Amino acid sequence: MGGLKDVLYFMFHPNQLRSVIQWKLWHEPVHRRDPSKEPPTLRSCFEMLNLTSRSFAAVIQELQPEMLVPIALFYLVLRGLDTIEDDMTLPATTKEPMLREFSKYLKMDGWTFNGSGPNEKDRELLVHFDDVIAELKKIDKKYYDVIEDITIKMGNGMADYALNAEFQEGVKTIPEYEEYCHYVAGLVGEGLTRIFVNGGTANPALLDRMELSESMGQFLQKTNIIRDVHEDFLDKRRFWPKDVWSKYVDNWDDLFDPKYRTQAVHCSSELVLNALKHADECLFYMAGIKEQSVFNFVAIPQTMAIATLELVFQNPKIFYSHIKITKGDACHLMMQSTQNLRVVCDVFKTYARRIARKNDPRDPHFLEISIACGKIEQFIESLFPSQDPKKLQAVQDAEGHEGAQNDFWEALILVGCVVFVLLFVSGLMLGLAWYFGARFDVMFDKEAASSLKAAAKEAAKATVTPLTHEEL
């Protein structure tokens with residue numbers, strides 16, 4: 001049934017089909033993983049990677065060899081931690097010590113866990129976690145230390161929230177909201193940055209600007225929280241801060257009541273505004289990546305995030321269904337994201353403008369969202385000016401030279417027109433004079449001129465009548 005639905009969809013959306021075909025046929029990975037050279041435990045790790053995240057798995061497996069295994073294992077470790085934290089079947093008394101001790105499990109040969117709920121989608125990862133542990137022992141210590149450090153920080157942060165009875169009722173304040181995003185995503189950005197720098201694929205200056213790494217994670221996590229609000233509501237989880245939603249409705253459940261749809265959309269707009277503030281720092285971070293496969297790895301999720309943010313903005317569907325960008329749009333974004341920073345900036349600019357066009361003047365955050373979109377464009381303009389001063393000067397010089405030539409020819413044409421008019425008027429007057437008997441030949445013949453004068457005198461005498469003076 002799903003296959004027939006896809007066929008019908010692509011029949012009426014050929015551009016989407018074209019994007020999918022272009023990605024499948026024309027995308028050439030910078031690096032290719034070679035499973036034939038891998039031990040069974042590593043192949044098992046990549047199989048679990050494919051099971052846990054198909055989109056991330058594809059990008060990870062195109063990383064350069066130095067980054068491939070450390071980042072794949074880093075992802076699986078954090079995914080295992082996240083699986084325990086998300087498992088609503090585990091009581092807090094079981095969950096909290098596991099989260100705090102998870103970094104120690106990384107050093108325990110053969111450790112596995114099969115106590116996750118039967119419906120937990122990533123439970124197989126924990127069942128076969130011994131393969132991950134076996135491969136962790138083989139990677140360079142500089143990468144292992146980063147993975148261990150981030151696991152400790154994230155595990156303790158998740159455990160604190162698991163024990164917080166108030167958190168079970170939902171996030172209350174915006175600082176709590178951002179702290180939660182820090183533990184589940186900001187720390188991931190920090191760990192990846194340290195791995196990139198240790199591997200020589202990113203500018204070391206990024207280590208001094210950890211707020212950029214934080215924004216990378218916060219932007220992704222906040223977008224996911226906005227998009228997944230209905231799914232979290234069904235699972236009885238609340239990640240939208242009470243300080244935000246309580247401005248629009250009295251009870252959390254009211255957001256999902258059709259009677260309060262306008263208020264719910266306005267509430268989502270405030271969270272979209274909160275997420276947009278990270279966009280320019282995400283672009284700044286990507287400018288510090290020095291290797292193409294690593295750039296692809298960090299750019300694809302960010303372009304997906306800005307596209308998802310545009311999709312959920314002013315979209316009431318998020319309150320009664322689960323929405324996501326289409327497969328065709330995803331393939332088109334991946335094609336653009338695997339080129340360079342300028343193209344990625346163009347993607348951000350495109351979706352920022354779409355958000356600005358969707359912005360509703362009746363929304364209480366209309367002005368602030370318009371300003372946020374404008375700031376994104378302004379930042380991109382500072383990176384890649386649409387009017388390059390050197391090119392602009394060259395154009396002005398060329399126009400000046402061309403203008404001087406044009407002025408000369410225009411003056412020449414004007415003089416020619418004046419001369420033509422004078423000659424034409426003079427010729428017309430002379431022609432009329434000749435027509436009425438003017439003799440122009442005498443001007444050049446002296447004898448003819450003399451005879452003409454004599455004839456004129458004779459004619460004058462003949463016309464004179466003598467007067468007589470008779471006596472009165």
# chains A, B, ... in the order shown; residues from 1 in each chain; ligands from 1
$ closest_atom_pairs --of "stretch 250-346 of chain A" --to "stretch 22-26 of chain A" --cutoff "8 Å" --atoms "only C-alpha atoms" --output "CSV"
residue,atom,partner,partner_atom,distance
A:Cys331,CA,A:Trp23,CA,5.8
A:His332,CA,A:Trp23,CA,7.4
A:Met334,CA,A:Trp23,CA,7.8
A:Met335,CA,A:Trp23,CA,6.5
$ closest_atom_pairs --of "stretch 313-422 of chain A" --to "stretch 245-257 of chain A" --cutoff "12 Å" --atoms "only C-alpha atoms" --output "JSON lines"
{"residue": "A:Pro316", "atom": "CA", "partner": "A:Phe256", "partner_atom": "CA", "distance": 9.5}
{"residue": "A:Lys317", "atom": "CA", "partner": "A:Phe256", "partner_atom": "CA", "distance": 10.1}
{"residue": "A:Ile318", "atom": "CA", "partner": "A:Phe256", "partner_atom": "CA", "distance": 9.2}
{"residue": "A:Phe319", "atom": "CA", "partner": "A:Phe256", "partner_atom": "CA", "distance": 5.4}
{"residue": "A:Tyr320", "atom": "CA", "partner": "A:Phe256", "partner_atom": "CA", "distance": 6.8}
{"residue": "A:Ser321", "atom": "CA", "partner": "A:Phe256", "partner_atom": "CA", "distance": 10.3}
{"residue": "A:Asp363", "atom": "CA", "partner": "A:Tyr248", "partner_atom": "CA", "distance": 11.9}
{"residue": "A:Pro364", "atom": "CA", "partner": "A:Tyr248", "partner_atom": "CA", "distance": 10.8}
$ residues_around --residues "A:Val344" --least-positions-apart "5" --cutoff "10 Å" --atoms "only C-alpha atoms" --output "ChimeraX atom specification"
/A:283,286,299-300,302-303,333-334,336-339,349-350
$ atom_distance --atom1 "atom CA of A:Arg43" --atom2 "atom CA of A:Asp122"
17.4 Å
$ residues_around --residues "A:Glu135" --least-positions-apart "5" --cutoff "9 Å" --atoms "only C-alpha atoms" --output "list in words"
Thr41, Leu42, Cys45, Val69, Leu73 and Asp130 of chain A
$ decode --residues "stretch 159-198 of chain A" --atoms "N, CA and C atoms" --output "PDB file, in the first residue's frame"
ATOM      1  N   ALA A 159      20.145  12.049  34.063  1.00  0.00           N
ATOM      2  CA  ALA A 159      19.742  11.471  35.346  1.00  0.00           C
ATOM      3  C   ALA A 159      19.090  12.518  36.243  1.00  0.00           C
ATOM      4  N   ASP A 160      19.632  13.734  36.226  1.00  0.00           N
ATOM      5  CA  ASP A 160      19.042  14.812  37.018  1.00  0.00           C
ATOM      6  C   ASP A 160      17.594  15.064  36.612  1.00  0.00           C
ATOM      7  N   TYR A 161      17.338  15.060  35.297  1.00  0.00           N
ATOM      8  CA  TYR A 161      15.979  15.277  34.828  1.00  0.00           C
ATOM      9  C   TYR A 161      15.086  14.076  35.132  1.00  0.00           C
ATOM     10  N   ALA A 162      15.664  12.868  35.088  1.00  0.00           N
ATOM     11  CA  ALA A 162      14.877  11.668  35.382  1.00  0.00           C
ATOM     12  C   ALA A 162      14.413  11.672  36.830  1.00  0.00           C
ATOM     13  N   LEU A 163      15.225  12.236  37.737  1.00  0.00           N
ATOM     14  CA  LEU A 163      14.874  12.269  39.152  1.00  0.00           C
ATOM     15  C   LEU A 163      13.994  13.453  39.518  1.00  0.00           C
ATOM     16  N   ASN A 164      13.968  14.444  38.673  1.00  0.00           N
ATOM     17  CA  ASN A 164      13.235  15.670  38.965  1.00  0.00           C
ATOM     18  C   ASN A 164      11.736  15.426  38.773  1.00  0.00           C
ATOM     19  N   ALA A 165      11.021  15.342  39.871  1.00  0.00           N
ATOM     20  CA  ALA A 165       9.581  15.063  39.778  1.00  0.00           C
ATOM     21  C   ALA A 165       8.857  16.163  39.018  1.00  0.00           C
ATOM     22  N   GLU A 166       9.340  17.399  39.174  1.00  0.00           N
ATOM     23  CA  GLU A 166       8.693  18.509  38.476  1.00  0.00           C
ATOM     24  C   GLU A 166       8.857  18.371  36.970  1.00  0.00           C
ATOM     25  N   PHE A 167      10.009  17.826  36.556  1.00  0.00           N
ATOM     26  CA  PHE A 167      10.244  17.673  35.123  1.00  0.00           C
ATOM     27  C   PHE A 167       9.266  16.678  34.506  1.00  0.00           C
ATOM     28  N   GLN A 168       8.815  15.697  35.315  1.00  0.00           N
ATOM     29  CA  GLN A 168       7.847  14.735  34.798  1.00  0.00           C
ATOM     30  C   GLN A 168       6.545  15.423  34.397  1.00  0.00           C
ATOM     31  N   GLU A 169       6.317  16.614  34.942  1.00  0.00           N
ATOM     32  CA  GLU A 169       5.152  17.392  34.559  1.00  0.00           C
ATOM     33  C   GLU A 169       5.474  18.338  33.395  1.00  0.00           C
ATOM     34  N   GLY A 170       6.659  18.265  32.913  1.00  0.00           N
ATOM     35  CA  GLY A 170       7.045  19.096  31.784  1.00  0.00           C
ATOM     36  C   GLY A 170       8.056  20.156  32.154  1.00  0.00           C
ATOM     37  N   VAL A 171       8.744  20.683  31.141  1.00  0.00           N
ATOM     38  CA  VAL A 171       9.703  21.768  31.350  1.00  0.00           C
ATOM     39  C   VAL A 171       8.926  23.026  31.732  1.00  0.00           C
ATOM     40  N   LYS A 172       9.420  23.748  32.714  1.00  0.00           N
ATOM     41  CA  LYS A 172       8.667  24.910  33.203  1.00  0.00           C
ATOM     42  C   LYS A 172       9.169  26.227  32.613  1.00  0.00           C
ATOM     43  N   THR A 173      10.469  26.444  32.663  1.00  0.00           N
ATOM     44  CA  THR A 173      11.006  27.743  32.249  1.00  0.00           C
ATOM     45  C   THR A 173      11.836  27.597  30.981  1.00  0.00           C
ATOM     46  N   ILE A 174      12.086  28.728  30.321  1.00  0.00           N
ATOM     47  CA  ILE A 174      12.926  28.719  29.123  1.00  0.00           C
ATOM     48  C   ILE A 174      14.366  28.328  29.466  1.00  0.00           C
ATOM     49  N   PRO A 175      14.954  28.808  30.585  1.00  0.00           N
ATOM     50  CA  PRO A 175      16.294  28.316  30.949  1.00  0.00           C
ATOM     51  C   PRO A 175      16.332  26.794  31.139  1.00  0.00           C
ATOM     52  N   GLU A 176      15.287  26.199  31.713  1.00  0.00           N
ATOM     53  CA  GLU A 176      15.219  24.743  31.837  1.00  0.00           C
ATOM     54  C   GLU A 176      15.173  24.081  30.461  1.00  0.00           C
ATOM     55  N   TYR A 177      14.388  24.669  29.587  1.00  0.00           N
ATOM     56  CA  TYR A 177      14.245  24.178  28.214  1.00  0.00           C
ATOM     57  C   TYR A 177      15.598  24.169  27.500  1.00  0.00           C
ATOM     58  N   GLU A 178      16.345  25.251  27.645  1.00  0.00           N
ATOM     59  CA  GLU A 178      17.633  25.344  26.969  1.00  0.00           C
ATOM     60  C   GLU A 178      18.680  24.466  27.651  1.00  0.00           C
ATOM     61  N   GLU A 179      18.545  24.289  28.976  1.00  0.00           N
ATOM     62  CA  GLU A 179      19.464  23.392  29.675  1.00  0.00           C
ATOM     63  C   GLU A 179      19.241  21.945  29.233  1.00  0.00           C
ATOM     64  N   TYR A 180      17.980  21.563  29.089  1.00  0.00           N
ATOM     65  CA  TYR A 180      17.683  20.206  28.612  1.00  0.00           C
ATOM     66  C   TYR A 180      18.252  19.996  27.209  1.00  0.00           C
ATOM     67  N   CYS A 181      18.048  20.985  26.329  1.00  0.00           N
ATOM     68  CA  CYS A 181      18.596  20.888  24.963  1.00  0.00           C
ATOM     69  C   CYS A 181      20.119  20.811  24.993  1.00  0.00           C
ATOM     70  N   HIS A 182      20.729  21.470  25.978  1.00  0.00           N
ATOM     71  CA  HIS A 182      22.185  21.405  26.112  1.00  0.00           C
ATOM     72  C   HIS A 182      22.637  19.988  26.430  1.00  0.00           C
ATOM     73  N   TYR A 183      21.955  19.336  27.357  1.00  0.00           N
ATOM     74  CA  TYR A 183      22.375  17.999  27.771  1.00  0.00           C
ATOM     75  C   TYR A 183      22.173  16.965  26.658  1.00  0.00           C
ATOM     76  N   VAL A 184      21.088  17.091  25.900  1.00  0.00           N
ATOM     77  CA  VAL A 184      20.794  16.055  24.912  1.00  0.00           C
ATOM     78  C   VAL A 184      21.334  16.381  23.519  1.00  0.00           C
ATOM     79  N   ALA A 185      21.732  17.642  23.279  1.00  0.00           N
ATOM     80  CA  ALA A 185      22.207  17.992  21.934  1.00  0.00           C
ATOM     81  C   ALA A 185      23.431  18.910  21.941  1.00  0.00           C
ATOM     82  N   GLY A 186      23.446  19.897  22.851  1.00  0.00           N
ATOM     83  CA  GLY A 186      24.588  20.810  22.894  1.00  0.00           C
ATOM     84  C   GLY A 186      25.882  20.089  23.191  1.00  0.00           C
ATOM     85  N   LEU A 187      25.816  19.109  24.092  1.00  0.00           N
ATOM     86  CA  LEU A 187      27.011  18.326  24.415  1.00  0.00           C
ATOM     87  C   LEU A 187      27.476  17.488  23.223  1.00  0.00           C
ATOM     88  N   VAL A 188      26.534  17.072  22.382  1.00  0.00           N
ATOM     89  CA  VAL A 188      26.911  16.333  21.166  1.00  0.00           C
ATOM     90  C   VAL A 188      27.744  17.237  20.259  1.00  0.00           C
ATOM     91  N   GLY A 189      27.304  18.492  20.127  1.00  0.00           N
ATOM     92  CA  GLY A 189      28.070  19.441  19.316  1.00  0.00           C
ATOM     93  C   GLY A 189      29.460  19.663  19.873  1.00  0.00           C
ATOM     94  N   GLU A 190      29.566  19.752  21.201  1.00  0.00           N
ATOM     95  CA  GLU A 190      30.883  19.918  21.822  1.00  0.00           C
ATOM     96  C   GLU A 190      31.784  18.720  21.528  1.00  0.00           C
ATOM     97  N   GLY A 191      31.247  17.518  21.703  1.00  0.00           N
ATOM     98  CA  GLY A 191      32.048  16.312  21.467  1.00  0.00           C
ATOM     99  C   GLY A 191      32.501  16.190  20.027  1.00  0.00           C
ATOM    100  N   LEU A 192      31.594  16.454  19.101  1.00  0.00           N
ATOM    101  CA  LEU A 192      31.957  16.378  17.679  1.00  0.00           C
ATOM    102  C   LEU A 192      33.037  17.392  17.335  1.00  0.00           C
ATOM    103  N   THR A 193      32.916  18.597  17.877  1.00  0.00           N
ATOM    104  CA  THR A 193      33.926  19.625  17.601  1.00  0.00           C
ATOM    105  C   THR A 193      35.301  19.186  18.089  1.00  0.00           C
ATOM    106  N   ARG A 194      35.359  18.621  19.267  1.00  0.00           N
ATOM    107  CA  ARG A 194      36.648  18.154  19.808  1.00  0.00           C
ATOM    108  C   ARG A 194      37.222  17.012  18.965  1.00  0.00           C
ATOM    109  N   ILE A 195      36.358  16.132  18.490  1.00  0.00           N
ATOM    110  CA  ILE A 195      36.823  15.042  17.620  1.00  0.00           C
ATOM    111  C   ILE A 195      37.332  15.597  16.293  1.00  0.00           C
ATOM    112  N   PHE A 196      36.584  16.544  15.711  1.00  0.00           N
ATOM    113  CA  PHE A 196      37.001  17.145  14.432  1.00  0.00           C
ATOM    114  C   PHE A 196      38.368  17.824  14.564  1.00  0.00           C
ATOM    115  N   VAL A 197      38.535  18.598  15.623  1.00  0.00           N
ATOM    116  CA  VAL A 197      39.798  19.322  15.813  1.00  0.00           C
ATOM    117  C   VAL A 197      40.940  18.337  16.055  1.00  0.00           C
ATOM    118  N   ASN A 198      40.701  17.305  16.872  1.00  0.00           N
ATOM    119  CA  ASN A 198      41.737  16.294  17.103  1.00  0.00           C
ATOM    120  C   ASN A 198      42.126  15.573  15.822  1.00  0.00           C
TER     121      ASN A 198
END
